[in-house]
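Below is input.pdb, which holds PDB, C-alpha atoms.
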ATOM      1  CA  MET A 722     -10.465  -5.005 -19.109
ATOM      2  CA  ASN A 723     -13.271  -4.953 -16.573
ATOM      3  CA  HIS A 724     -13.779  -6.887 -13.318
ATOM      4  CA  ARG A 725     -15.557  -9.846 -14.932
ATOM      5  CA  GLN A 726     -12.883 -10.236 -17.607
ATOM      6  CA  THR A 727     -10.145 -10.070 -14.961
ATOM      7  CA  VAL A 728     -11.861 -12.750 -12.866
ATOM      8  CA  GLN A 729     -12.195 -15.000 -15.924
ATOM      9  CA  ALA A 730      -8.550 -14.539 -16.925
ATOM     10  CA  VAL A 731      -7.257 -15.275 -13.412
ATOM     11  CA  ALA A 732      -9.577 -18.276 -13.014
ATOM     12  CA  ARG A 733      -8.224 -19.724 -16.289
ATOM     13  CA  ARG A 734      -4.646 -19.324 -14.993
ATOM     14  CA  LEU A 735      -5.555 -20.832 -11.598
ATOM     15  CA  PRO A 736      -7.979 -23.673 -12.382
ATOM     16  CA  HIS A 737      -8.002 -24.901  -8.754
ATOM     17  CA  LEU A 738      -9.895 -21.707  -7.789
ATOM     18  CA  GLN A 739     -13.514 -21.077  -8.663
ATOM     19  CA  ARG A 740     -14.518 -17.768 -10.219
ATOM     20  CA  HIS A 741     -16.382 -16.579  -7.135
ATOM     21  CA  GLN A 742     -13.241 -17.203  -5.049
ATOM     22  CA  VAL A 743     -11.107 -15.193  -7.457
ATOM     23  CA  ALA A 744     -13.718 -12.412  -7.471
ATOM     24  CA  GLU A 745     -13.751 -12.315  -3.666
ATOM     25  CA  VAL A 746      -9.960 -12.041  -3.469
ATOM     26  CA  LEU A 747      -9.940  -9.212  -6.024
ATOM     27  CA  GLU A 748     -12.712  -7.357  -4.175
ATOM     28  CA  VAL A 749     -10.897  -7.654  -0.835
ATOM     29  CA  ALA A 750      -7.642  -6.484  -2.438
ATOM     30  CA  ALA A 751      -9.444  -3.474  -3.935
ATOM     31  CA  GLU A 752     -10.925  -2.581  -0.524
ATOM     32  CA  VAL A 753      -7.530  -2.839   1.181
ATOM     33  CA  TRP A 754      -5.857  -0.738  -1.522
ATOM     34  CA  ALA A 755      -8.613   1.897  -1.442
ATOM     35  CA  THR A 756      -8.304   2.206   2.336
ATOM     36  CA  GLU A 757      -4.545   2.631   2.041
ATOM     37  CA  LEU A 758      -4.739   5.166  -0.818
ATOM     38  CA  ALA A 759      -7.218   7.268   1.175
ATOM     39  CA  LYS A 760      -4.461   7.939   3.732
ATOM     40  CA  PRO A 761      -2.384  11.054   2.959
ATOM     41  CA  GLY A 762       1.096  10.254   1.684
ATOM     42  CA  SER A 763       0.495   6.551   1.196
ATOM     43  CA  ALA A 764       1.261   4.448  -1.860
ATOM     44  CA  ILE A 765       0.757   0.896  -3.046
ATOM     45  CA  SER A 766       3.454  -1.039  -4.875
ATOM     46  CA  LEU A 767       2.068  -3.821  -7.013
ATOM     47  CA  ILE A 768       4.670  -6.539  -7.507
ATOM     48  CA  ASN A 769       6.185  -6.415 -10.996
ATOM     49  CA  LEU A 770       3.579  -3.894 -12.146
ATOM     50  CA  GLY A 771       3.990  -0.435 -10.681
ATOM     51  CA  ARG A 772       3.189   1.986  -7.917
ATOM     52  CA  LEU A 773      -0.154   3.692  -7.222
ATOM     53  CA  GLN A 774      -0.290   6.865  -5.181
ATOM     54  CA  VAL A 775      -2.364   9.952  -4.529
ATOM     55  CA  GLU A 776      -0.592  13.292  -4.149
ATOM     56  CA  ALA A 777      -2.162  16.501  -2.890
ATOM     57  CA  GLN A 778      -1.081  20.018  -3.790
ATOM     58  CA  GLU A 779      -2.305  23.324  -2.365
ATOM     59  CA  LEU A 780      -2.920  25.953  -5.046
ATOM     60  CA  ARG A 781      -3.609  29.637  -4.573
ATOM     61  CA  VAL A 782      -6.839  30.685  -6.236
ATOM     62  CA  GLY A 783      -6.687  33.783  -8.375
ATOM     63  CA  GLY A 784      -7.888  35.434 -11.546
ATOM     64  CA  ALA A 785     -10.593  33.800 -13.627
ATOM     65  CA  VAL A 786     -10.764  30.728 -11.375
ATOM     66  CA  ARG A 787     -11.445  32.926  -8.332
ATOM     67  CA  ASP A 788     -14.154  34.830 -10.216
ATOM     68  CA  ARG A 789     -15.774  31.608 -11.400
ATOM     69  CA  LEU A 790     -15.796  30.056  -7.907
ATOM     70  CA  ALA A 791     -17.202  33.263  -6.428
ATOM     71  CA  ALA A 792     -19.967  33.307  -9.048
ATOM     72  CA  GLN A 793     -20.864  29.658  -8.389
ATOM     73  CA  HIS A 794     -20.583  29.574  -4.588
ATOM     74  CA  GLY A 795     -20.801  33.190  -3.453
ATOM     75  CA  THR A 796     -17.240  33.202  -2.119
ATOM     76  CA  ALA A 797     -13.911  31.851  -3.271
ATOM     77  CA  PRO A 798     -11.344  30.250  -0.963
ATOM     78  CA  GLU A 799      -7.770  31.547  -0.815
ATOM     79  CA  LYS A 800      -6.409  28.076  -1.598
ATOM     80  CA  ILE A 801      -7.776  24.867  -3.037
ATOM     81  CA  ARG A 802      -6.418  21.337  -2.802
ATOM     82  CA  ARG A 803      -5.741  19.529  -6.038
ATOM     83  CA  LEU A 804      -5.401  15.755  -5.984
ATOM     84  CA  TYR A 805      -3.193  13.886  -8.423
ATOM     85  CA  TYR A 806      -3.839  10.194  -8.985
ATOM     86  CA  ARG A 807      -0.643   8.650 -10.264
ATOM     87  CA  PHE A 808       0.481   5.277 -11.523
ATOM     88  CA  HIS A 809       4.204   4.788 -12.074
ATOM     89  CA  PRO A 810       4.851   1.580 -14.024
ATOM     90  CA  PHE A 811       7.958  -0.485 -13.348
ATOM     91  CA  GLY A 812      10.565  -1.008 -16.078
ATOM     92  CA  TRP A 813       9.200  -4.000 -17.982
ATOM     93  CA  LEU A 814       5.637  -2.650 -18.041
ATOM     94  CA  ARG A 815       6.838   0.786 -19.141
ATOM     95  CA  ASP A 816       8.778  -0.858 -21.988
ATOM     96  CA  LEU A 817       5.789  -3.014 -22.977
ATOM     97  CA  VAL A 818       3.428  -0.017 -23.079
ATOM     98  CA  LYS A 819       5.935   2.101 -24.986
ATOM     99  CA  GLU A 820       6.367  -0.718 -27.513
ATOM    100  CA  GLY A 821       2.585  -1.017 -27.935
ATOM    101  CA  TYR A 822       2.208   2.703 -28.604
ATOM    102  CA  GLU A 823       5.147   2.752 -31.027
ATOM    103  CA  THR A 824       3.527  -0.086 -32.972
ATOM    104  CA  THR A 825       0.232   1.840 -33.031
ATOM    105  CA  ASP A 826       1.970   4.983 -34.342
ATOM    106  CA  GLU A 827       3.519   3.059 -37.235
ATOM    107  CA  SER A 828       0.155   1.735 -38.450
TER
END

Show me the file's structure as structure tokens.
Amino acid sequence: MNHRQTVQAVARRLPHLQRHQVAEVLEVAAEVWATELAKPGSAISLINLGRLQVEAQELRVGGAVRDRLAAQHGTAPEKIRRLYYRFHPFGWLRDLVKEGYETTDES
């Protein structure tokens, strides 16, 4: 589902709002969430949906990765930061997704 489809679906559910109003609210929400997720250690909990967060991990560089980085950039750092973008769904959404994939596997 893309932005336009989301705006249309929300506007159908809330007929007192025009599509451009729904789009503006979604764009502001996305900006606020992006600003929050850019902060180290922050997370966003979406009511009845799940939790978004970004986690960082420091990894030592060695072996083939070190050789590859040295070949590409001339030098290789001792450590690199790896970012993990995670979404943890809440119970009902997890169950709904699991059910959808189980149905797909049976087909």

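Residues with any atom within 10 Å of segment 726-732 of chain A, counting all atoms listed in the file and excluding same-chain neighbours fewer than 3 positions away, are Met722, Asn723, Leu735, Pro736, His737, Leu738, Gln739, Arg740, His741, Gln742, Val743, Ala744, Glu745, Val746 and Leu747 of chain A.
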
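If you measure from each of A:Glu799, A:Arg807, A:Gln774, A:Glu748 to Lys760 of chain A using only C-alpha atoms, the closest one turns out to be A:Gln774.
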
Exercise: residues within 10 Å of coordinate (-3.4, 18.9, 0.2), counting only C-alpha atoms, as a PyMOL selection string: chain A and resi 761-762+776-780+800-805

Distance of atom CA of Pro810 of chain A from atom CA of Ala764 of chain A, expressed in Å to one decimal place: 13.0 Å

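Counting all atoms listed in the file, the residue from A:Tyr806, A:Arg789, A:Arg781, A:Glu823 that sits nearest to Leu758 of chain A is A:Tyr806.
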
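Taking atom CA of Val749 of chain A and atom CA of Phe808 of chain A as the two end points, the separation is 20.3 Å.
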
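With all atoms listed in the file as the atoms that count, the minimum distance from Arg815 of chain A to the choices A:Trp754, A:Asn769, A:His724, A:Arg734 is reached by A:Asn769.
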
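You will find atom CA of Ile768 of chain A at 23.2 Å from atom CA of Tyr822 of chain A.
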
Selection dump of the PyMOL selection byres ((chain A and resi 812) around 12), as a PyMOL selection string: chain A and resi 768-772+809-811+813-819

Per-axis box centre and lengths in Å around segment 750-757 of chain A, 4 Å margin per side, axis-aligned, as AutoDock Vina command-line options:
--center_x -7.7 --center_y -1.9 --center_z -0.8 --size_x 14.4 --size_y 17.1 --size_z 14.3
